[in-house]
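Enquirer: I'd like to ask some things about the structure below.
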Protein chains: 2
Amino acid sequence: MSESRPVITVLIPSDPDNPRPTPPGLERIEDRTEIRLATAEQLPEKLPGSQGLLLWDFFSDTVKNAWHAADELQWIHVAAAGVDKLLFDELRDSEVTVTNAQGIFDRPIAEWVLGAVIAEAKDFAGNYRLKTAKQWKHRETKRVQGAKALVIGTGAIGREIARVLKAAGLEVTGAGRRAREQDEDFGVVVLSEDLAQHAGAFDVIVNAAPLTPATTGMISEEVLNAVKPGAHFVNIGRGPSVDEPALIEALREGPLGFASLDVFAEEPLPQASELWELENVMIASHMSGDVEGWRDALAELFLDNAERWLADEPLRNVVDKTAGYVPGK
Amino acid sequence: MSESRPVITVLIPSDPDNPRPTPPGLERIEDRTEIRLATAEQLPEKLPGSQGLLLWDFFSDTVKNAWHAADELQWIHVAAAGVDKLLFDELRDSEVTVTNAQGIFDRPIAEWVLGAVIAEAKDFAGNYRLKTAKQWKHRETKRVQGAKALVIGTGAIGREIARVLKAAGLEVTGAGRRAREQDEDFGVVVLSEDLAQHAGAFDVIVNAAPLTPATTGMISEEVLNAVKPGAHFVNIGRGPSVDEPALIEALREGPLGFASLDVFAEEPLPQASELWELENVMIASHMSGDVEGWRDALAELFLDNAERWLADEPLRNVVDKTAGYVPGK
């Protein structure tokens, strides 16, 4: 029996101080699998004979670099929502199934977006700036109720953002690959490729799209110049979806009023980035979805998929490797 | 006809640079009233013969100091939600009706509170602090959904806060003068006088109570020491409802985790206040309800009441001068 146990290799951080060493709860499947732990460096030697691979820790080229050793691989689970950094041609062309952590981050990210929207409307950035100067200064703020938001990305995260923003009284429109009139979460969905022609109608524009060839650079200089004067841009998707130099220019010279950014073209955001210097920017460190307990939730989702895989049942969150995300509605 | 037009005196700011000089739209009632504009200094000479008084601009003792000249006064309208600074014994004992601007600020304040709640959960304060240092630092944040909030004050503002927090997924309890089990907005309402015994059960405690003798100092050292470790206190009510030195101590030494404060014992908040220095505090300048268009909305509510008054119809937002607020449910 033990001879036939499938092998799941778990990619773990090399750094022993990493707060996220191994997934909690692996003992739940230990009787039915052989678990191998591997750092990025060890992956090429541990991968042969593995049928499953959990990317618990993940850096861009790790899997690609070890791909030659993936002799029996059937399934890769990514403990993250975005798989843009994982996908490469040989993996796309292979029979290997890729699943991800879709669902874990939806609500926390949607809360973060709503918080960012209200914080901008109420000038919380000004509160912190004035506090440093111990300065009391009354300002008029903005209403959130009735404000118009465009959410780019009609996947699970975009939909949860739409629901949470609507609950707070915003009017929400979606932007996606297919235009439609009666989407259950968005009502109207406009075409992402026509962003420049729609951007001017919204007080808030949220990027929640996965990074794919179609979304790379999608929020272009043209789009950023077409926004309503004073509009607020929120990015919890991926940095490379935005033309970052054009974003900086639109924040510095207008028309953009404010940006709340959790993701960047390069992460960590380089010290030299002008974004650090702009008053009308909030910067978070790619953490909008990472609420207390997120690692437990990520491990739980992996274990659930592992049990399905061991029982030969359909997996959750299967990524369309050509599209680059889990297909939704 | 013009001989019999009632006189409404409007208390306006003395400072000519005040951005809020006179109420917009007074021409709507000019044909039926005589409008007198008066600064605080001019009020004693303008008040005789006035039946109505609009406190468009207002400082603590202005009306009390001019009270001897209020020979024909029937009605005072306060263009604010709180009337604590207006009420004095002679006015309380008089036949003069007092109305206020209840309703105008409810939704904007509720939005501000929700924004403060999410901003604290997601450590937006940390985002701004780290930005100043150009420091990228991933942190785990908190979920808002399922967090437990206690809203002190079951008036119109407290109720709107409850509705908006619930829409974002928080579990809300009320605290008021009367305990009850099935309030339509709060579900359970506990007694404000038992705050110390309830405080430990909540992640967020919001003060939305009017300032009255019963609420002065209500959020006492005992209450502040009884909160859950790391709890978040939000004050959009009145500063004197809180023991401010005890608040500072609870923020500095625990158990309080964070405070989002729009109101203070003394306003503007004195330069010497330690609150300016504490990292775990957000300070706003008594502005949480003041969204763009608030002056128009305040003027509109006054004009509506003025037309009712001229037509001898019941006024909106009549303050119970003994209680110190507009009685609600």
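Labeling convention for the structure tokens: chains A, B, ... as they appear, residues from 1 per chain, ligands from 1 in order of appearance.
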Per residue of chain A within 6 Å of chain B, which atom pair is closest and at what distance in Å (one decimal), using only C-alpha atoms, listed by chain and increasing number, as a tab-separated table?
Expert:
residue	atom	partner	partner_atom	distance
A:Gly115	CA	B:Ile118	CA	5.0
A:Ile118	CA	B:Gly115	CA	5.1
A:Ala119	CA	B:Gly115	CA	5.7
A:Asn127	CA	B:Ala284	CA	5.7
A:Lys131	CA	B:Trp276	CA	5.9
A:Lys134	CA	B:Trp276	CA	5.9
A:Trp136	CA	B:Ser285	CA	5.7
A:Lys137	CA	B:Ser285	CA	5.8
A:His138	CA	B:Ser285	CA	5.2
A:Glu140	CA	B:Val291	CA	5.2
A:Thr141	CA	B:Val291	CA	4.4
A:Lys142	CA	B:Val291	CA	4.9
A:Arg143	CA	B:Val291	CA	5.9
A:Ala167	CA	B:Ala167	CA	5.6
A:Trp276	CA	B:Lys134	CA	5.9
A:Ile283	CA	B:Asn127	CA	5.9
A:Ala284	CA	B:Asn127	CA	5.6
A:Ser285	CA	B:His138	CA	5.2
A:Asp290	CA	B:Glu140	CA	5.5
A:Val291	CA	B:Thr141	CA	4.4
A:Glu292	CA	B:Glu140	CA	5.5
Enquirer: Set the distance at 10 Å and use only C-alpha atoms: which residues neighbour Gln197 (chain A) once local chain neighbours fewer than 6 positions away are removed? I'd like the list as a count of residues only.
Expert: 5
Enquirer: Just checking: using only C-alpha atoms, which residue out of A:Asp93, A:Glu307, A:Asp312, A:Asp185 ends up closest to Val151 (chain A)?
Expert: A:Asp185
Enquirer: Any idea what's packed within 10 Å of region 23-37 of chain B, counting only C-alpha atoms, ignoring anything in its chain fewer than 4 positions away? Could you give it as a PDB file with N, CA and C atoms, in the first residue's frame?
Expert:
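Final output, saved to around36.pdb:
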ATOM      1  N   MET B   1     -49.602  94.353   4.924  1.00  0.00           N
ATOM      2  CA  MET B   1     -49.078  92.988   4.886  1.00  0.00           C
ATOM      3  C   MET B   1     -47.630  92.975   5.332  1.00  0.00           C
ATOM      4  N   SER B   2     -46.804  93.878   4.724  1.00  0.00           N
ATOM      5  CA  SER B   2     -45.388  93.841   5.041  1.00  0.00           C
ATOM      6  C   SER B   2     -45.147  94.216   6.502  1.00  0.00           C
ATOM      7  N   GLU B   3     -46.089  94.970   7.096  1.00  0.00           N
ATOM      8  CA  GLU B   3     -45.950  95.343   8.511  1.00  0.00           C
ATOM      9  C   GLU B   3     -45.936  94.097   9.390  1.00  0.00           C
ATOM     10  N   SER B   4     -46.690  93.088   8.934  1.00  0.00           N
ATOM     11  CA  SER B   4     -46.890  91.937   9.804  1.00  0.00           C
ATOM     12  C   SER B   4     -45.927  90.779   9.498  1.00  0.00           C
ATOM     13  N   ARG B   5     -44.981  90.999   8.562  1.00  0.00           N
ATOM     14  CA  ARG B   5     -44.072  89.900   8.255  1.00  0.00           C
ATOM     15  C   ARG B   5     -43.243  89.551   9.489  1.00  0.00           C
ATOM     16  N   PRO B   6     -43.197  88.257   9.838  1.00  0.00           N
ATOM     17  CA  PRO B   6     -42.381  87.886  10.983  1.00  0.00           C
ATOM     18  C   PRO B   6     -40.896  88.079  10.688  1.00  0.00           C
ATOM     19  N   VAL B   7     -40.147  88.299  11.731  1.00  0.00           N
ATOM     20  CA  VAL B   7     -38.715  88.560  11.610  1.00  0.00           C
ATOM     21  C   VAL B   7     -37.935  87.297  11.974  1.00  0.00           C
ATOM     22  N   ILE B   8     -37.044  86.925  11.079  1.00  0.00           N
ATOM     23  CA  ILE B   8     -36.098  85.851  11.405  1.00  0.00           C
ATOM     24  C   ILE B   8     -34.704  86.448  11.397  1.00  0.00           C
ATOM     25  N   THR B   9     -34.027  86.342  12.524  1.00  0.00           N
ATOM     26  CA  THR B   9     -32.643  86.793  12.591  1.00  0.00           C
ATOM     27  C   THR B   9     -31.724  85.607  12.331  1.00  0.00           C
ATOM     28  N   VAL B  10     -30.698  85.861  11.542  1.00  0.00           N
ATOM     29  CA  VAL B  10     -29.752  84.795  11.178  1.00  0.00           C
ATOM     30  C   VAL B  10     -28.390  85.132  11.763  1.00  0.00           C
ATOM     31  N   LEU B  11     -27.910  84.275  12.652  1.00  0.00           N
ATOM     32  CA  LEU B  11     -26.593  84.484  13.237  1.00  0.00           C
ATOM     33  C   LEU B  11     -25.538  84.025  12.244  1.00  0.00           C
ATOM     34  N   ILE B  12     -24.724  84.965  11.778  1.00  0.00           N
ATOM     35  CA  ILE B  12     -23.707  84.656  10.764  1.00  0.00           C
ATOM     36  C   ILE B  12     -22.327  84.894  11.352  1.00  0.00           C
ATOM     37  N   PRO B  13     -21.288  84.345  10.706  1.00  0.00           N
ATOM     38  CA  PRO B  13     -19.935  84.503  11.252  1.00  0.00           C
ATOM     39  C   PRO B  13     -19.455  85.949  11.196  1.00  0.00           C
ATOM     40  N   GLN B  42     -23.452  91.549  17.118  1.00  0.00           N
ATOM     41  CA  GLN B  42     -24.650  92.337  16.811  1.00  0.00           C
ATOM     42  C   GLN B  42     -25.938  91.705  17.341  1.00  0.00           C
ATOM     43  N   LEU B  43     -25.863  90.451  17.792  1.00  0.00           N
ATOM     44  CA  LEU B  43     -27.097  89.736  18.113  1.00  0.00           C
ATOM     45  C   LEU B  43     -27.971  90.448  19.156  1.00  0.00           C
ATOM     46  N   LYS B  46     -29.968  93.092  17.377  1.00  0.00           N
ATOM     47  CA  LYS B  46     -30.847  92.651  16.287  1.00  0.00           C
ATOM     48  C   LYS B  46     -31.987  91.758  16.777  1.00  0.00           C
ATOM     49  N   LEU B  47     -31.790  91.122  17.926  1.00  0.00           N
ATOM     50  CA  LEU B  47     -32.747  90.110  18.369  1.00  0.00           C
ATOM     51  C   LEU B  47     -34.124  90.669  18.777  1.00  0.00           C
ATOM     52  N   SER B  50     -37.538  89.891  16.975  1.00  0.00           N
ATOM     53  CA  SER B  50     -37.409  88.686  16.136  1.00  0.00           C
ATOM     54  C   SER B  50     -38.249  87.559  16.716  1.00  0.00           C
ATOM     55  N   GLY B  52     -38.104  84.483  14.975  1.00  0.00           N
ATOM     56  CA  GLY B  52     -37.309  83.305  14.642  1.00  0.00           C
ATOM     57  C   GLY B  52     -35.828  83.624  14.731  1.00  0.00           C
ATOM     58  N   LEU B  53     -35.019  82.596  15.025  1.00  0.00           N
ATOM     59  CA  LEU B  53     -33.564  82.776  15.070  1.00  0.00           C
ATOM     60  C   LEU B  53     -32.923  81.549  14.442  1.00  0.00           C
ATOM     61  N   LEU B  54     -32.171  81.784  13.387  1.00  0.00           N
ATOM     62  CA  LEU B  54     -31.417  80.684  12.777  1.00  0.00           C
ATOM     63  C   LEU B  54     -29.968  80.798  13.214  1.00  0.00           C
ATOM     64  N   TRP B  56     -26.930  79.929  12.145  1.00  0.00           N
ATOM     65  CA  TRP B  56     -26.171  79.448  10.992  1.00  0.00           C
ATOM     66  C   TRP B  56     -24.710  79.298  11.386  1.00  0.00           C
ATOM     67  N   ASP B  57     -24.228  80.256  12.103  1.00  0.00           N
ATOM     68  CA  ASP B  57     -22.916  80.171  12.714  1.00  0.00           C
ATOM     69  C   ASP B  57     -23.184  80.163  14.203  1.00  0.00           C
ATOM     70  N   ALA B  79     -28.330  75.008  12.887  1.00  0.00           N
ATOM     71  CA  ALA B  79     -27.834  74.331  11.686  1.00  0.00           C
ATOM     72  C   ALA B  79     -26.707  73.369  12.071  1.00  0.00           C
ATOM     73  N   ARG B 295     -23.676  72.594   3.337  1.00  0.00           N
ATOM     74  CA  ARG B 295     -24.298  73.893   3.672  1.00  0.00           C
ATOM     75  C   ARG B 295     -25.613  74.071   2.939  1.00  0.00           C
ATOM     76  N   ASP B 296     -25.636  73.629   1.673  1.00  0.00           N
ATOM     77  CA  ASP B 296     -26.894  73.686   0.923  1.00  0.00           C
ATOM     78  C   ASP B 296     -27.958  72.835   1.614  1.00  0.00           C
ATOM     79  N   ALA B 297     -27.538  71.654   2.058  1.00  0.00           N
ATOM     80  CA  ALA B 297     -28.504  70.761   2.709  1.00  0.00           C
ATOM     81  C   ALA B 297     -28.995  71.361   4.027  1.00  0.00           C
ATOM     82  N   LEU B 298     -28.084  71.989   4.772  1.00  0.00           N
ATOM     83  CA  LEU B 298     -28.475  72.640   6.031  1.00  0.00           C
ATOM     84  C   LEU B 298     -29.443  73.776   5.773  1.00  0.00           C
ATOM     85  N   ALA B 299     -29.149  74.585   4.735  1.00  0.00           N
ATOM     86  CA  ALA B 299     -30.024  75.711   4.403  1.00  0.00           C
ATOM     87  C   ALA B 299     -31.392  75.202   3.960  1.00  0.00           C
ATOM     88  N   GLU B 300     -31.389  74.148   3.166  1.00  0.00           N
ATOM     89  CA  GLU B 300     -32.634  73.580   2.666  1.00  0.00           C
ATOM     90  C   GLU B 300     -33.532  73.109   3.824  1.00  0.00           C
ATOM     91  N   PHE B 302     -33.445  74.202   6.923  1.00  0.00           N
ATOM     92  CA  PHE B 302     -33.941  75.398   7.608  1.00  0.00           C
ATOM     93  C   PHE B 302     -35.105  76.021   6.839  1.00  0.00           C
ATOM     94  N   LEU B 303     -34.946  76.157   5.522  1.00  0.00           N
ATOM     95  CA  LEU B 303     -35.986  76.803   4.712  1.00  0.00           C
ATOM     96  C   LEU B 303     -37.289  76.001   4.766  1.00  0.00           C
ATOM     97  N   ASP B 304     -37.127  74.675   4.739  1.00  0.00           N
ATOM     98  CA  ASP B 304     -38.311  73.829   4.841  1.00  0.00           C
ATOM     99  C   ASP B 304     -39.013  74.065   6.180  1.00  0.00           C
ATOM    100  N   ALA B 306     -38.734  76.764   7.996  1.00  0.00           N
ATOM    101  CA  ALA B 306     -39.239  78.141   8.006  1.00  0.00           C
ATOM    102  C   ALA B 306     -40.600  78.218   7.307  1.00  0.00           C
ATOM    103  N   GLU B 307     -40.721  77.497   6.201  1.00  0.00           N
ATOM    104  CA  GLU B 307     -42.008  77.517   5.489  1.00  0.00           C
ATOM    105  C   GLU B 307     -43.104  76.853   6.321  1.00  0.00           C
ATOM    106  N   LEU B 310     -43.956  79.450   8.986  1.00  0.00           N
ATOM    107  CA  LEU B 310     -44.764  80.537   8.429  1.00  0.00           C
ATOM    108  C   LEU B 310     -46.203  80.086   8.177  1.00  0.00           C
TER     109      LEU B 310
END
Enquirer: What separation in Å, quoted to one decimal, exists between CA of Val83 (chain A) and CA of Glu184 (chain A)?
Expert: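 Answer for the CA of Val83 (chain A) to CA of Glu184 (chain A) separation: 26.2 Å.
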Enquirer: Do you have the CA of Ala265 (chain A)-CA of Leu150 (chain A) distance handy?
Expert: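 One can read the CA of Ala265 (chain A) to CA of Leu150 (chain A) distance as 21.5 Å.
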Enquirer: Can you pull out every residue within 7 Å of Gly237 (chain B), counting only C-alpha atoms, but drop anything in the same chain fewer than 3 positions away, and send it as a PyMOL selection string?
Expert: chain B and resi 207-210+263
Enquirer: Those selected residues, please, written with N, CA and C atoms and delivered as a PDB file, in the first residue's frame.
Expert:
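Just written: out00.pdb:
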ATOM      1  N   ASN B 207     -18.852  55.729  19.528  1.00  0.00           N
ATOM      2  CA  ASN B 207     -19.691  56.660  20.279  1.00  0.00           C
ATOM      3  C   ASN B 207     -20.454  57.576  19.331  1.00  0.00           C
ATOM      4  N   ALA B 208     -21.773  57.445  19.343  1.00  0.00           N
ATOM      5  CA  ALA B 208     -22.652  58.274  18.513  1.00  0.00           C
ATOM      6  C   ALA B 208     -23.726  58.906  19.387  1.00  0.00           C
ATOM      7  N   ALA B 209     -23.441  59.068  20.665  1.00  0.00           N
ATOM      8  CA  ALA B 209     -24.435  59.611  21.593  1.00  0.00           C
ATOM      9  C   ALA B 209     -24.364  61.130  21.627  1.00  0.00           C
ATOM     10  N   PRO B 210     -25.503  61.793  21.828  1.00  0.00           N
ATOM     11  CA  PRO B 210     -25.471  63.248  22.041  1.00  0.00           C
ATOM     12  C   PRO B 210     -24.822  63.539  23.394  1.00  0.00           C
ATOM     13  N   VAL B 263     -13.967  64.097  17.184  1.00  0.00           N
ATOM     14  CA  VAL B 263     -14.385  65.084  18.188  1.00  0.00           C
ATOM     15  C   VAL B 263     -13.511  64.923  19.440  1.00  0.00           C
TER      16      VAL B 263
END
Enquirer: Just the strand (DSSP E or B) stuff from region 51-292 of chain B, please, per backbone DSSP, written as a tab-separated table (two decimals) with N, CA, C and O atoms, in the first residue's frame.
Expert:
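Everything below was put into result18.tsv:
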chain	number	residue	atom	x	y	z
B	52	GLY	N	-38.10	84.48	14.98
B	52	GLY	CA	-37.31	83.31	14.64
B	52	GLY	C	-35.83	83.62	14.73
B	52	GLY	O	-35.41	84.77	14.55
B	53	LEU	N	-35.02	82.60	15.02
B	53	LEU	CA	-33.56	82.78	15.07
B	53	LEU	C	-32.92	81.55	14.44
B	53	LEU	O	-33.15	80.42	14.89
B	54	LEU	N	-32.17	81.78	13.39
B	54	LEU	CA	-31.42	80.68	12.78
B	54	LEU	C	-29.97	80.80	13.21
B	54	LEU	O	-29.32	81.82	12.96
B	55	LEU	N	-29.48	79.77	13.87
B	55	LEU	CA	-28.08	79.76	14.26
B	55	LEU	C	-27.28	79.11	13.14
B	55	LEU	O	-27.02	77.91	13.14
B	75	TRP	N	-38.92	80.63	18.09
B	75	TRP	CA	-38.30	79.46	17.45
B	75	TRP	C	-36.82	79.69	17.19
B	75	TRP	O	-36.45	80.72	16.66
B	76	ILE	N	-36.01	78.73	17.58
B	76	ILE	CA	-34.58	78.74	17.22
B	76	ILE	C	-34.30	77.49	16.39
B	76	ILE	O	-34.63	76.37	16.81
B	77	HIS	N	-33.70	77.70	15.23
B	77	HIS	CA	-33.24	76.54	14.44
B	77	HIS	C	-31.72	76.52	14.46
B	77	HIS	O	-31.07	77.52	14.16
B	78	VAL	N	-31.16	75.36	14.81
B	78	VAL	CA	-29.70	75.21	14.87
B	78	VAL	C	-29.23	74.42	13.66
B	78	VAL	O	-29.68	73.30	13.44
B	97	THR	N	-39.30	77.11	20.92
B	97	THR	CA	-39.10	75.80	20.29
B	97	THR	C	-37.70	75.77	19.67
B	97	THR	O	-37.28	76.73	19.02
B	98	VAL	N	-36.98	74.67	19.89
B	98	VAL	CA	-35.66	74.49	19.28
B	98	VAL	C	-35.73	73.34	18.28
B	98	VAL	O	-36.23	72.25	18.61
B	99	THR	N	-35.26	73.59	17.06
B	99	THR	CA	-35.15	72.51	16.06
B	99	THR	C	-33.70	72.43	15.61
B	99	THR	O	-32.93	73.37	15.78
B	141	THR	N	-3.63	41.54	7.95
B	141	THR	CA	-4.65	42.49	8.37
B	141	THR	C	-5.85	41.72	8.94
B	141	THR	O	-5.79	40.51	9.11
B	148	LYS	N	-17.37	42.36	15.60
B	148	LYS	CA	-18.47	42.78	16.47
B	148	LYS	C	-18.32	44.24	16.85
B	148	LYS	O	-17.30	44.66	17.37
B	149	ALA	N	-19.39	45.00	16.57
B	149	ALA	CA	-19.36	46.44	16.87
B	149	ALA	C	-20.46	46.81	17.86
B	149	ALA	O	-21.59	46.31	17.77
B	150	LEU	N	-20.10	47.68	18.80
B	150	LEU	CA	-21.09	48.25	19.71
B	150	LEU	C	-21.25	49.72	19.35
B	150	LEU	O	-20.27	50.47	19.34
B	151	VAL	N	-22.48	50.11	19.04
B	151	VAL	CA	-22.75	51.51	18.71
B	151	VAL	C	-23.48	52.13	19.89
B	151	VAL	O	-24.61	51.74	20.21
B	152	ILE	N	-22.83	53.10	20.53
B	152	ILE	CA	-23.44	53.78	21.68
B	152	ILE	C	-24.22	54.97	21.16
B	152	ILE	O	-23.65	55.86	20.51
B	171	GLU	N	-21.27	42.55	12.84
B	171	GLU	CA	-22.38	42.23	13.74
B	171	GLU	C	-22.50	43.39	14.71
B	171	GLU	O	-21.54	43.73	15.41
B	172	VAL	N	-23.68	44.01	14.75
B	172	VAL	CA	-23.85	45.26	15.50
B	172	VAL	C	-24.79	45.09	16.69
B	172	VAL	O	-25.83	44.44	16.58
B	173	THR	N	-24.39	45.67	17.81
B	173	THR	CA	-25.23	45.77	19.00
B	173	THR	C	-25.34	47.25	19.34
B	173	THR	O	-24.43	48.02	19.02
B	174	GLY	N	-26.43	47.65	19.96
B	174	GLY	CA	-26.58	49.04	20.37
B	174	GLY	C	-26.40	49.22	21.86
B	174	GLY	O	-26.50	48.25	22.63
B	175	ALA	N	-26.13	50.44	22.28
B	175	ALA	CA	-26.16	50.78	23.70
B	175	ALA	C	-26.95	52.07	23.83
B	175	ALA	O	-26.69	53.04	23.11
B	176	GLY	N	-27.93	52.08	24.72
B	176	GLY	CA	-28.77	53.26	24.86
B	176	GLY	C	-29.33	53.37	26.26
B	176	GLY	O	-28.90	52.67	27.18
B	180	ARG	N	-33.16	46.66	25.26
B	180	ARG	CA	-34.22	45.93	24.58
B	180	ARG	C	-33.59	44.80	23.76
B	180	ARG	O	-32.39	44.78	23.53
B	181	GLU	N	-34.44	43.89	23.31
B	181	GLU	CA	-33.95	42.66	22.68
B	181	GLU	C	-34.16	42.64	21.17
B	181	GLU	O	-33.50	41.92	20.47
B	182	GLN	N	-35.15	43.39	20.69
B	182	GLN	CA	-35.51	43.24	19.28
B	182	GLN	C	-35.65	44.58	18.59
B	182	GLN	O	-36.66	44.85	17.94
B	183	ASP	N	-34.64	45.39	18.72
B	183	ASP	CA	-34.66	46.68	18.02
B	183	ASP	C	-34.46	46.44	16.52
B	183	ASP	O	-33.67	45.59	16.11
B	187	GLY	N	-31.05	45.02	16.82
B	187	GLY	CA	-31.29	43.76	17.50
B	187	GLY	C	-31.24	44.05	18.99
B	187	GLY	O	-32.10	44.74	19.53
B	188	VAL	N	-30.18	43.62	19.65
B	188	VAL	CA	-30.04	43.86	21.08
B	188	VAL	C	-29.52	45.27	21.35
B	188	VAL	O	-28.58	45.72	20.70
B	189	VAL	N	-30.16	45.96	22.30
B	189	VAL	CA	-29.62	47.23	22.82
B	189	VAL	C	-29.35	47.02	24.31
B	189	VAL	O	-30.24	46.64	25.06
B	190	VAL	N	-28.08	47.24	24.70
B	190	VAL	CA	-27.74	47.14	26.12
B	190	VAL	C	-27.78	48.53	26.74
B	190	VAL	O	-27.87	49.54	26.04
B	191	LEU	N	-27.72	48.57	28.05
B	191	LEU	CA	-27.79	49.86	28.74
B	191	LEU	C	-26.44	50.59	28.69
B	191	LEU	O	-25.41	50.03	29.05
B	204	VAL	N	-15.05	46.68	17.95
B	204	VAL	CA	-15.18	48.11	17.62
B	204	VAL	C	-16.23	48.72	18.54
B	204	VAL	O	-17.30	48.13	18.72
B	205	ILE	N	-15.92	49.86	19.12
B	205	ILE	CA	-16.89	50.59	19.93
B	205	ILE	C	-17.02	51.99	19.35
B	205	ILE	O	-16.02	52.70	19.21
B	206	VAL	N	-18.25	52.36	18.99
B	206	VAL	CA	-18.49	53.65	18.33
B	206	VAL	C	-19.32	54.53	19.26
B	206	VAL	O	-20.40	54.11	19.70
B	207	ASN	N	-18.85	55.73	19.53
B	207	ASN	CA	-19.69	56.66	20.28
B	207	ASN	C	-20.45	57.58	19.33
B	207	ASN	O	-19.86	58.38	18.62
B	219	ILE	N	-17.78	57.31	28.68
B	219	ILE	CA	-16.73	56.37	28.28
B	219	ILE	C	-15.54	56.67	29.20
B	219	ILE	O	-14.62	57.42	28.90
B	231	ALA	N	-8.93	46.50	20.78
B	231	ALA	CA	-10.18	47.04	20.27
B	231	ALA	C	-9.99	48.43	19.68
B	231	ALA	O	-9.02	49.14	19.98
B	232	HIS	N	-10.93	48.81	18.82
B	232	HIS	CA	-10.90	50.08	18.10
B	232	HIS	C	-12.04	50.96	18.61
B	232	HIS	O	-13.18	50.53	18.60
B	233	PHE	N	-11.71	52.16	19.05
B	233	PHE	CA	-12.72	53.10	19.52
B	233	PHE	C	-12.89	54.21	18.48
B	233	PHE	O	-11.91	54.82	18.05
B	234	VAL	N	-14.14	54.46	18.11
B	234	VAL	CA	-14.45	55.49	17.13
B	234	VAL	C	-15.34	56.53	17.80
B	234	VAL	O	-16.38	56.18	18.37
B	235	ASN	N	-14.96	57.80	17.75
B	235	ASN	CA	-15.80	58.84	18.34
B	235	ASN	C	-16.20	59.88	17.31
B	235	ASN	O	-15.37	60.66	16.83
B	242	VAL	N	-16.10	61.27	26.60
B	242	VAL	CA	-14.96	60.39	26.86
B	242	VAL	C	-14.03	61.01	27.90
B	242	VAL	O	-13.79	62.22	27.86
B	256	LEU	N	-6.65	49.38	24.62
B	256	LEU	CA	-7.19	49.85	23.35
B	256	LEU	C	-6.12	49.72	22.25
B	256	LEU	O	-4.94	50.04	22.49
B	257	GLY	N	-6.54	49.30	21.06
B	257	GLY	CA	-5.59	49.14	19.96
B	257	GLY	C	-5.48	50.38	19.10
B	257	GLY	O	-4.41	50.72	18.60
B	258	PHE	N	-6.61	51.07	18.92
B	258	PHE	CA	-6.63	52.18	17.97
B	258	PHE	C	-7.83	53.06	18.29
B	258	PHE	O	-8.82	52.60	18.85
B	259	ALA	N	-7.71	54.35	17.96
B	259	ALA	CA	-8.86	55.25	18.08
B	259	ALA	C	-8.97	56.11	16.82
B	259	ALA	O	-7.96	56.63	16.34
B	260	SER	N	-10.18	56.23	16.30
B	260	SER	CA	-10.47	57.13	15.19
B	260	SER	C	-11.36	58.23	15.75
B	260	SER	O	-12.50	57.98	16.13
B	261	LEU	N	-10.82	59.45	15.81
B	261	LEU	CA	-11.48	60.52	16.57
B	261	LEU	C	-11.79	61.71	15.68
B	261	LEU	O	-10.90	62.26	15.04
B	281	VAL	N	-3.69	56.44	16.45
B	281	VAL	CA	-4.83	57.36	16.48
B	281	VAL	C	-5.00	58.00	15.10
B	281	VAL	O	-4.01	58.39	14.48
B	282	MET	N	-6.22	58.08	14.63
B	282	MET	CA	-6.52	58.93	13.49
B	282	MET	C	-7.31	60.14	13.99
B	282	MET	O	-8.28	59.97	14.74
B	283	ILE	N	-6.89	61.31	13.58
B	283	ILE	CA	-7.54	62.55	14.03
B	283	ILE	C	-8.17	63.27	12.84
B	283	ILE	O	-7.50	63.55	11.85
B	291	VAL	N	-19.95	66.69	4.21
B	291	VAL	CA	-19.66	66.39	2.81
B	291	VAL	C	-20.00	67.60	1.94
B	291	VAL	O	-20.78	68.46	2.32
Enquirer: Can you check which residues of region 53-123 of chain B DSSP gives as alpha helix (DSSP H) on the backbone and send them as a list in words?
Expert: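 Matching residues for alpha helix (DSSP H) in region 53-123 of chain B are Thr62, Val63, Lys64, Asn65, Ala66, Asp89, Glu90, Leu91, Arg92, Asp93, Asp106, Arg107, Pro108, Ile109, Ala110, Glu111, Trp112, Val113, Leu114, Gly115, Ala116, Val117, Ile118, Ala119, Glu120 and Ala121 of chain B.
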Enquirer: Measure the distance from CA of Val63 (chain A) to CA of Gly328 (chain A) in Å and round it to one decimal.
Expert: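 Interatomic distance here is 26.0 Å.
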Enquirer: So, with only C-alpha atoms as the atoms that count, which of A:Ala196, A:Ile157, A:Ala38, A:Leu91 lies closest to Val326 (chain A)?
Expert: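 Of all the options, A:Ile157 lies closest to Val326 (chain A).
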